[in-house]
Every structure is written in structure tokens, then in C-alpha cells.
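Below: the structure, in C-alpha cells.
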Amino acid sequence: MRFDLITLFPELFGPHLSSGVTRRAFESGQVDVRLWQLRDFADDNYRRVDDRPYGGGPGMVMLVEPLERALAAVKAQRQAQGGEAAPAVIHFSPTGRRIDQALMQELAQGQGGVLLCGRYEGIDQRFLDRHVTLELSLGDFVLSGGELPALALLDGIARLQDGVLNDAASHQQDSFSDGLLDCPHYSRPEVLRGLEGQVEDLPVPAVLMSGHHAQIKRWRRERSLAITQQRRPDLIVAARAAGRLSRSDEAFLKRLARA
């Protein structure tokens with residue numbers, strides 16, 4: 001899949017695309033990322049891509065014309081290289097659909113698209129109305145631009161590609177993959193000694209040392225349910241409505257409520 005990023009700060013993406021486990025997806029071409037500097041499509045000596053808003057108010061608004069020239073160049077290159085002529089255009093905005101794992105999984109199986117990284121007060125609405133097919137948000141807060149959400153999206157998609165993670169089952173056990181939060185994880189040492197002034201040692205839960213795979217699986221499921229119920233009860237409600245909770249899950253949640 002191919003993603004074309006229209007941005008004022010392409011240098012922000014280099015370190016991420018060349019480091020960490022997800023770099024495998026970028027180096028192999030499973031996720032092909034092309035960076036487009038928006039100022040290259042300005043038509044004046046100052047390389048201006050923004051101007052004051054009509055009606056007054058704070059901040060600056062990104063102009064339609066440079067964005068349209070950039071998008072046209074992206075589409076022309078894609079088509080010349082045998083790609084789709086009308087890729088999805090994704091804009092990052094607080095008003096967009098909140099990104100979740102289900103969306104990551106959906107996009108990870110798609111063809112990619114154009115990621116539009118806005119800045120300043122925003123993008124002229126006429127460009128959004130004319131070209132944008134999907135608006136996405138990281139959550140109910142405001143960032144300085146779309147580059148960080150774009151990086152988050154690329155990372156989430158890259159790690160879902162075949163062969164990127166050392167263990168293919170890793171992402172299947174992530175938080176949200178089954179609609180719940182993930183369970184706790186432990187490694188060496190078997191017993192973590194108490195710090196100075198603390199009497200209590202911290203052992204790994206005995207069930208994880210038992211070698212009894214069915215019991216381990218159930219323990220992890222119950223810890224996932226308990227954490228989700230405590231921190232994100234809305235996810236329990238959604239999982240129940242979707243029929244993702246078994247009878248034993250429901251029985252555990254009832255015991256948890258009585259405790």
C-alpha cells in the first residue's frame with residue numbers, strides 16, 4: 001500500500017520511518033511512504049501557503065491553490081506508476097472520526113491514500129469539501145498539526161503487516177483487538193525484591209509459572225476483563241452488545257461486581 005503525505009514538515013517523518021520494529025514495513029515496501037513538501041507548490045517567492053481568514057479572527061488559514069497543486073501532483077505520479085487515480089484523501093482534524101483499532105485493521109488491508117497534514121488555524125473548507133474523503137482524530141484534544149496523527153496512523157498500520165512483528169500473534173493480543181484492554185505482562189526475574197523501605201517482594205503470578213496453558217489463557221482473559229471494567233466500562237458494554245463476551249466472561253464480571 002502507498003501513502004502520500006502532504007506536509008510542511010516532511011523532516012518529522014524520517015526518524016520514525018527508519019527506526020523501530022515497524023521500519024521493516026517501510027523498508028520492505030509493504031507500506032510505501034512518499035513525502036510532499038507543500039511549499040514546493042506555492043506560486044510566489046515567499047512560498048506562501050496560508051493567509052488571513054475572511055471574517056477576521058486569530059491564526060492563518062491554509063490556502064486552496066497550493067494544496068490542489070500538490071494533490072494533483074500526487075495523483076499524477078500515482079497514475080503514472082500504475083496506481084489508483086483517485087486515492088482516498090485523509091485529513092486529520094479534531095472534528096474527525098476518532099481513530100481506533102478497528103479502523104487501523106481496516107486501513108491495514110486497504111490500498112493506502114493521501115494523508116493531509118494541516119497546520120495553523122486550519123484548511124480552507126472549500127478544499128476539504130472538494131477533495132477530502134475521510135477526516136480522522138486522535139482524540140478530544142488539539143495538536144499543532146496533522147503530522148503526529150499521521151505518524152500514529154502509519155505506525156498502527158505498519159505493525160499489522162505480515163512479518164513486521166517478530167510474533168504474528170502479538171497484535172492479535174493488543175488492547176482493543178478484541179474490543180477489550182490488554183492483560184498485564186511479566187518477565188524475569190521471577191521475584192522482584194522490594195525496594196529499600198519496602199518489605200513486600202513482587203513475584204510473578206503463580207499461574208503464569210504453572211505451564212497450564214488453559215489456566216493461563218483464562219487468567220489473562222479475566223485480567224483483561226477486570227482492567228477494562230475498571231478503566232473503560234464503555235468497552236464492556238460495547239463487547240456485550242456485539243456478542244463478544246462468553247458465559248464464563250459474564251460470570252466473572254458478576255463475581256467482580258459482587259467483590
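Just remember, in the C-alpha cells the first chain shown is A, the second B, etc., residues are 1-based per chain, and ligands are 1-based in the order shown.
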Give me the segment 116-235 of chain A side of the contact with segment 57-61 of chain A, cut-off 8 Å, one line per residue showing its nearest atom pair and distance in Å at one decimal, counting only C-alpha atoms, sorted by chain and residue number, as a tab-separated table.
```
residue	atom	partner	partner_atom	distance
A:Tyr120	CA	A:Met60	CA	5.6
A:Glu121	CA	A:Gly59	CA	5.1
A:Gly122	CA	A:Val61	CA	5.3
A:Ile123	CA	A:Val61	CA	5.5
A:Asp124	CA	A:Val61	CA	6.1
```
Create the file for the chosen residues now, containing C-alpha atoms and written as a PDB file, in the first residue's frame.
```pdb
ATOM      1  CA  TYR A 120      -2.257  26.882  11.634  1.00  0.00           C
ATOM      2  CA  GLU A 121      -5.948  27.646  12.231  1.00  0.00           C
ATOM      3  CA  GLY A 122      -6.972  25.051   9.659  1.00  0.00           C
ATOM      4  CA  ILE A 123      -7.509  24.398   5.946  1.00  0.00           C
ATOM      5  CA  ASP A 124      -9.867  26.350   3.721  1.00  0.00           C
TER       6      ASP A 124
END
```
List the spatial neighbours of segment 2-4 of chain A as a compact mmCIF listing (two decimals) with N, CA and C atoms, in the first residue's frame - criterion: any atom at most 8 Å away, only C-alpha atoms, same-chain residues fewer than 4 positions off excluded.
```txt
# COMPACT_ATOMS: atom_id res chain seq x y z
N VAL A 31 4.52 -0.92 3.24
CA VAL A 31 3.91 0.40 3.40
C VAL A 31 4.85 1.40 2.75
N ASP A 32 4.49 1.86 1.59
CA ASP A 32 5.31 2.79 0.80
C ASP A 32 4.89 4.22 1.14
N VAL A 33 5.81 5.00 1.71
CA VAL A 33 5.50 6.36 2.14
C VAL A 33 6.25 7.36 1.27
N ARG A 34 5.52 8.30 0.68
CA ARG A 34 6.10 9.38 -0.12
C ARG A 34 5.79 10.71 0.57
N LEU A 35 6.80 11.56 0.70
CA LEU A 35 6.65 12.84 1.38
C LEU A 35 6.63 13.98 0.37
N TRP A 36 5.67 14.88 0.53
CA TRP A 36 5.49 16.01 -0.36
C TRP A 36 5.51 17.30 0.45
N VAL A 74 0.46 14.51 -6.75
CA VAL A 74 0.40 13.18 -6.13
C VAL A 74 -0.39 12.22 -7.02
N GLN A 111 -5.60 0.09 0.31
CA GLN A 111 -4.62 0.50 -0.70
C GLN A 111 -3.82 1.72 -0.30
N GLY A 112 -4.07 2.26 0.91
CA GLY A 112 -3.37 3.47 1.31
C GLY A 112 -4.17 4.70 0.97
N GLY A 113 -3.48 5.80 0.69
CA GLY A 113 -4.18 7.04 0.35
C GLY A 113 -3.27 8.23 0.54
N VAL A 114 -3.86 9.41 0.53
CA VAL A 114 -3.15 10.66 0.71
C VAL A 114 -3.45 11.17 2.11
N LEU A 115 -2.40 11.44 2.89
CA LEU A 115 -2.56 11.96 4.24
C LEU A 115 -2.28 13.46 4.23
```
Next on the checklist: Would you pick out the contacts of Ala102 of chain A at 10 Å or less, using only C-alpha atoms, so that residues sharing its chain but fewer than 2 positions from it are not included, and give the list as a PyMOL selection string?
Outcome noted: chain A and resi 99-100+104-108+176-179
- Message: So that I can see what lies close to Trp219 of chain A, please list as a PyMOL selection string the residues with an atom at most 9 Å from it, counting only C-alpha atoms and leaving out residues fewer than 5 positions away in the same chain.
- Response: chain A and resi 183+207-208+214+224
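Using only C-alpha atoms, the contacts of Arg126 of chain A at a cut-off of 8 Å, with sequence neighbours closer than 3 positions omitted, comprise Val64, Asp129 and Arg130 of chain A.
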Print the selection's residues with C-alpha atoms to a file, as a PDB file, in the first residue's frame.
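Writing the result to result-v8.pdb gives the following:
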```pdb
ATOM      1  CA  VAL A  64      -6.667  26.010  -1.518  1.00  0.00           C
ATOM      2  CA  ASP A 129     -15.422  19.831   0.749  1.00  0.00           C
ATOM      3  CA  ARG A 130     -13.993  19.225  -2.700  1.00  0.00           C
TER       4      ARG A 130
END
```
**Prompt:** Please, what distance in Å, to one decimal, runs between atom CA of Arg223 of chain A and atom CA of Glu200 of chain A?
**Reply:**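 Between atom CA of Arg223 of chain A and atom CA of Glu200 of chain A the gap is 21.8 Å.
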I'd like the neighbourhood of Arg47 of chain A as a PyMOL selection string, where a residue qualifies if any of its atoms comes within 10 Å (using only C-alpha atoms), though same-chain residues fewer than 6 positions away should be ignored. chain A and resi 38-41+66
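Taking atom CA of Phe252 of chain A as the reference point, atom CA of Ser187 of chain A is found at 26.0 Å.
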Within 9 Å of His91 of chain A, counting only C-alpha atoms, which residues qualify if same-chain residues fewer than 4 places away don't, as a PyMOL selection string? chain A and resi 96+114-118+128+132-137+146
Residues as selected, N, CA and C atoms, written as a short mmCIF file (atom, residue, chain, number, x, y, z; two decimals), in the first residue's frame, can you do that?
```cif
data_model
loop_
_atom_site.label_atom_id
_atom_site.label_comp_id
_atom_site.auth_asym_id
_atom_site.auth_seq_id
_atom_site.Cartn_x
_atom_site.Cartn_y
_atom_site.Cartn_z
N GLY A 96 -12.88 15.09 13.27
CA GLY A 96 -12.98 13.84 12.54
C GLY A 96 -13.37 12.65 13.39
N VAL A 114 -3.86 9.41 0.53
CA VAL A 114 -3.15 10.66 0.71
C VAL A 114 -3.45 11.17 2.11
N LEU A 115 -2.40 11.44 2.89
CA LEU A 115 -2.56 11.96 4.24
C LEU A 115 -2.28 13.46 4.23
N LEU A 116 -3.26 14.22 4.60
CA LEU A 116 -3.19 15.68 4.54
C LEU A 116 -2.93 16.21 5.95
N CYS A 117 -1.75 16.80 6.15
CA CYS A 117 -1.34 17.28 7.47
C CYS A 117 -1.52 18.79 7.53
N GLY A 118 -2.63 19.22 8.10
CA GLY A 118 -2.91 20.64 8.21
C GLY A 118 -2.09 21.31 9.29
N LEU A 128 -11.48 21.05 1.64
CA LEU A 128 -11.97 19.85 2.34
C LEU A 128 -13.25 19.33 1.69
N VAL A 132 -11.56 15.93 0.30
CA VAL A 132 -11.32 15.02 1.42
C VAL A 132 -12.42 13.96 1.51
N THR A 133 -12.00 12.71 1.65
CA THR A 133 -12.95 11.59 1.75
C THR A 133 -13.12 11.09 3.19
N LEU A 134 -12.16 11.39 4.07
CA LEU A 134 -12.24 10.91 5.44
C LEU A 134 -11.48 11.86 6.35
N GLU A 135 -12.11 12.26 7.46
CA GLU A 135 -11.45 13.07 8.48
C GLU A 135 -11.27 12.22 9.74
N LEU A 136 -10.07 12.27 10.32
CA LEU A 136 -9.74 11.44 11.47
C LEU A 136 -9.16 12.28 12.60
N SER A 137 -9.38 11.81 13.82
CA SER A 137 -8.89 12.49 15.01
C SER A 137 -8.25 11.49 15.96
N GLY A 146 -1.16 18.05 11.71
CA GLY A 146 -1.57 16.69 11.43
C GLY A 146 -0.44 15.69 11.36
#
```
Going by DSSP on the backbone, which bits of segment 5-99 of chain A are strand (DSSP E or B)? Write them as a ChimeraX atom specification, please.
/A:5-7,32-37,50-51,61-62,89-98
**Asked** DSSP on the backbone: what in segment 46-159 of chain A comes out helix (DSSP H, G or I), as an MDAnalysis selection string?
**Response** chainID A and resid 64:80 101:108 125:131 147:158
Counting only C-alpha atoms, the residue among A:Ala206, A:Val142, A:Leu148, A:Ala25 that lies closest to Val164 of chain A is A:Ala25
- Task: Grab the atom CA of Leu71 of chain A to atom CA of Ala42 of chain A distance for me, in Å with one decimal place.
- Result: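 Atom CA of Ala42 of chain A lies 12.5 Å from atom CA of Leu71 of chain A.
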